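Take a look at the structure set out below.
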Amino acid sequence: MPARRKVDWIYPLALLPALPAPAGSLATLRKRAKACHACPLWQHATQTVFGEGPVSAEMMVIGEQPGDQEDQLGEPFTGPAGNLLDRALAEASLDRGELYVTNAVKHFKFEPRGKRRLHQRATAREQAICRQWLAAEVREVHPRRILALGAMASKAVFGGQFRLTARHGQWMALPGGVMAMATWHPSAVLRTPDAGSREQRYRELVADLKRFASDKTGDD
Ligand code: SF4
């Protein structure tokens, strides 16, 4: 496969980071992000959960923020949501090893409740500050296709007005020739209360992943 030419940097995501994207290669960024104290979320989390995957990946998958197990292991999409994503990717014939997988926010946010740590959503300000790392990952990987999982990632990619329920599974063009779509976050599938609706949402996730896997980026 011919090497992809690195184009001039055009930040393709709708929401700009509150801070400039740090410079450096992916390896340098991963190292620097380990010591990030730019917002308060690092204080109680175990570690930074940076993105993973080949720098040559043509497809980037963006989730929301690390959960309890990701925080402990330091890897994105582990635990129940990661297992469900792996199952859905396999059904869509997507190889996770070929994807660059990351989150919009890199530290776990939680509220202690006895021995448990209950997931809390990062504030809009925390998301905006952390987007510097996502911007740097997008710059270094410069994927041809981006998949946003869940509302937080979808809004970062497409803007604050984006409605996942209405637009999931639809290709949209971003600046710099990048094509992108959004779909359900695996955690949202798992949280769907009744079994029938949960199965339907899972099927929609797989159908969207199949469209994402396809080279057909028109709404055909
Ligand atoms: S959440 Fe993001 S911005 Fe905040 S400390 Fe962690 S890496 Fe830095």
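By order in the structure tokens, chains are A, B, ...; within a chain, residues start at 1; ligands start at 1, following the order shown.
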All residues 8 Å or closer to stretch 57-74 of chain A, only C-alpha atoms, same chain fewer than 5 positions away omitted, as a ChimeraX atom specification: /A:45-50,79,98-109,117,119,122,141-153,185
Who sits within 9 Å of A:Leu190, only C-alpha atoms, same chain under 6 positions skipped, as a VMD selection string: chain A and resid 80 to 81 84 198 202
Residue nearest A:His37 - candidates A:Ile129, A:Ala166, A:Val206, A:Pro175, atoms counted: only C-alpha atoms: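 Among the listed residues, the smallest separation from A:His37 belongs to A:Ile129.
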Quick one: contact table of stretch 115-144 of chain A to stretch 12-24 of chain A, 10 Å max, nearest atom pair and distance in Å to one decimal per residue, counting only C-alpha atoms, chain and number order, as a tab-separated table?
```
residue	atom	partner	partner_atom	distance
A:Arg125	CA	A:Ala18	CA	8.2
A:Glu126	CA	A:Ala18	CA	9.2
A:Gln127	CA	A:Pro17	CA	8.3
A:Ala128	CA	A:Ala18	CA	5.1
A:Ile129	CA	A:Ala18	CA	4.9
A:Cys130	CA	A:Pro17	CA	7.2
A:Arg131	CA	A:Pro17	CA	4.7
A:Gln132	CA	A:Ala21	CA	4.3
A:Trp133	CA	A:Ala21	CA	6.2
A:Leu134	CA	A:Ala21	CA	8.0
A:Ala135	CA	A:Ala21	CA	5.7
A:Ala136	CA	A:Ala21	CA	5.1
A:Glu137	CA	A:Ala21	CA	8.8
A:Val138	CA	A:Pro12	CA	8.3
A:Arg139	CA	A:Ala21	CA	8.7
A:Glu140	CA	A:Gly24	CA	8.3
A:His142	CA	A:Pro12	CA	9.4
```
For the residues in the current selection, export C-alpha atoms as a short mmCIF file (atom, residue, chain, number, x, y, z; two decimals), in the first residue's frame.
```cif
data_model
loop_
_atom_site.label_atom_id
_atom_site.label_comp_id
_atom_site.auth_asym_id
_atom_site.auth_seq_id
_atom_site.Cartn_x
_atom_site.Cartn_y
_atom_site.Cartn_z
CA ARG A 125 -14.98 22.72 30.53
CA GLU A 126 -13.05 19.52 31.32
CA GLN A 127 -13.95 18.15 27.89
CA ALA A 128 -12.79 21.35 26.19
CA ILE A 129 -9.45 21.35 28.04
CA CYS A 130 -8.81 17.67 27.34
CA ARG A 131 -9.60 18.06 23.64
CA GLN A 132 -6.00 19.28 23.19
CA TRP A 133 -4.94 15.59 23.37
CA LEU A 134 -7.61 14.42 20.96
CA ALA A 135 -6.64 17.20 18.54
CA ALA A 136 -3.00 16.08 18.74
CA GLU A 137 -3.95 12.43 18.17
CA VAL A 138 -6.06 13.38 15.12
CA ARG A 139 -3.15 15.46 13.79
CA GLU A 140 -0.63 12.63 14.17
CA HIS A 142 -4.66 11.91 10.32
#
```
Helix (DSSP H, G or I) per DSSP on the backbone: members of stretch 73-217 of chain A, as a ChimeraX atom specification: /A:73,79-91,96-98,124-141,150-158,164-167,175-177,186-191,195-213
DSSP-assigned strand (DSSP E or B) members of chain A, reported as an MDAnalysis selection string: chainID A and resid 52 59:63 99:103 110:113 116:119 145:149 172:174 178:183
Selection file, N, CA and C atoms, as a compact mmCIF listing (two decimals), in the first residue's frame:
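Output file out.txt is given in full below:
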```txt
# COMPACT_ATOMS: atom_id res chain seq x y z
N GLU A 52 -4.93 4.12 21.66
CA GLU A 52 -4.08 2.99 21.25
C GLU A 52 -4.37 2.62 19.81
N MET A 59 -8.61 4.48 10.11
CA MET A 59 -9.88 4.68 10.82
C MET A 59 -9.61 4.95 12.29
N MET A 60 -10.25 6.00 12.81
CA MET A 60 -10.12 6.34 14.22
C MET A 60 -11.48 6.22 14.89
N VAL A 61 -11.50 5.59 16.05
CA VAL A 61 -12.73 5.44 16.83
C VAL A 61 -12.57 6.26 18.11
N ILE A 62 -13.52 7.16 18.35
CA ILE A 62 -13.43 8.05 19.52
C ILE A 62 -14.58 7.74 20.47
N GLY A 63 -14.24 7.33 21.68
CA GLY A 63 -15.25 7.10 22.72
C GLY A 63 -15.38 8.34 23.60
N LEU A 99 -7.42 -0.30 13.95
CA LEU A 99 -8.07 0.97 14.29
C LEU A 99 -7.24 1.72 15.32
N TYR A 100 -7.30 3.04 15.28
CA TYR A 100 -6.79 3.83 16.39
C TYR A 100 -7.99 4.15 17.27
N VAL A 101 -7.94 3.67 18.51
CA VAL A 101 -9.08 3.79 19.43
C VAL A 101 -8.71 4.71 20.59
N THR A 102 -9.53 5.71 20.83
CA THR A 102 -9.22 6.65 21.89
C THR A 102 -10.50 7.16 22.54
N ASN A 103 -10.35 8.04 23.52
CA ASN A 103 -11.50 8.68 24.17
C ASN A 103 -11.38 10.20 24.06
N PHE A 110 -15.17 10.08 38.69
CA PHE A 110 -16.10 9.23 39.44
C PHE A 110 -16.43 9.86 40.79
N GLU A 111 -17.47 9.27 41.39
CA GLU A 111 -17.86 9.66 42.74
C GLU A 111 -17.73 8.41 43.60
N PRO A 112 -16.94 8.47 44.70
CA PRO A 112 -16.82 7.28 45.54
C PRO A 112 -18.14 6.98 46.25
N ARG A 113 -18.55 5.73 46.25
CA ARG A 113 -19.78 5.31 46.95
C ARG A 113 -19.44 3.99 47.62
N ARG A 116 -17.37 1.28 45.84
CA ARG A 116 -17.57 1.45 44.40
C ARG A 116 -17.17 2.85 43.95
N ARG A 117 -16.88 2.98 42.68
CA ARG A 117 -16.57 4.29 42.08
C ARG A 117 -17.61 4.52 40.97
N LEU A 118 -18.53 5.42 41.23
CA LEU A 118 -19.61 5.64 40.26
C LEU A 118 -19.18 6.65 39.20
N HIS A 119 -19.31 6.24 37.97
CA HIS A 119 -18.93 7.07 36.83
C HIS A 119 -19.63 8.43 36.86
N ARG A 145 -11.14 8.17 8.06
CA ARG A 145 -12.51 8.00 8.57
C ARG A 145 -12.50 8.07 10.09
N ILE A 146 -13.51 8.74 10.64
CA ILE A 146 -13.63 8.85 12.10
C ILE A 146 -15.01 8.35 12.52
N LEU A 147 -15.03 7.53 13.56
CA LEU A 147 -16.29 7.06 14.14
C LEU A 147 -16.39 7.57 15.57
N ALA A 148 -17.45 8.32 15.86
CA ALA A 148 -17.68 8.82 17.22
C ALA A 148 -18.68 7.92 17.91
N LEU A 149 -18.33 7.47 19.11
CA LEU A 149 -19.22 6.60 19.87
C LEU A 149 -19.84 7.39 21.02
N MET A 172 -20.84 11.92 7.24
CA MET A 172 -20.77 13.37 7.10
C MET A 172 -19.34 13.76 6.78
N ALA A 173 -19.20 14.77 5.94
CA ALA A 173 -17.85 15.20 5.53
C ALA A 173 -17.32 16.24 6.52
N LEU A 174 -16.07 16.06 6.92
CA LEU A 174 -15.40 17.01 7.79
C LEU A 174 -14.32 17.73 6.98
N VAL A 178 -11.90 14.36 5.51
CA VAL A 178 -12.17 13.27 6.45
C VAL A 178 -13.68 12.98 6.44
N MET A 179 -14.04 11.71 6.36
CA MET A 179 -15.45 11.32 6.46
C MET A 179 -15.70 10.77 7.86
N ALA A 180 -16.86 11.07 8.41
CA ALA A 180 -17.12 10.67 9.80
C ALA A 180 -18.56 10.26 10.00
N MET A 181 -18.77 9.43 10.97
CA MET A 181 -20.13 9.07 11.39
C MET A 181 -20.15 8.83 12.89
N ALA A 182 -21.35 8.78 13.42
CA ALA A 182 -21.52 8.55 14.86
C ALA A 182 -22.42 7.35 15.07
N THR A 183 -22.24 6.70 16.19
CA THR A 183 -23.16 5.61 16.56
C THR A 183 -23.23 5.50 18.07
```
For atom CA of A:Arg163 and atom CA of A:Lys210, the interatomic separation in Å (one decimal):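 Separating atom CA of A:Arg163 from atom CA of A:Lys210 is a distance of 20.5 Å.
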Atom-to-atom span, atom CA of A:Arg201 and atom CA of A:Trp184, Å: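 Result for atom CA of A:Arg201 versus atom CA of A:Trp184: 7.7 Å, one decimal.
Proximity of A:Arg96, A:Arg30, A:Arg87, A:His44 to A:Ala213, computed with only C-alpha atoms, is greatest for A:Arg96.
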Atom pair atom CA of A:Ser93 / atom CA of A:Leu205: separation (Å): 13.1 Å
Which of A:Asn83, A:Ser56, A:Gln43, A:Ser187 sits closest to ligand 1 [using only C-alpha atoms and all ligand atoms]: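 Between A:Asn83, A:Ser56, A:Gln43, A:Ser187, the residue approaching ligand 1 most closely is A:Gln43.
When only C-alpha atoms and all ligand atoms are used to compute distances to ligand 1, the closest of the residues A:Ala195, A:Ala88, A:Ala38, A:Ala188 turns out to be A:Ala38.
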Nearest candidate to ligand 1 (options A:Gly196, A:Pro54, A:Pro40, A:Gly82; using only C-alpha atoms and all ligand atoms): A:Pro40
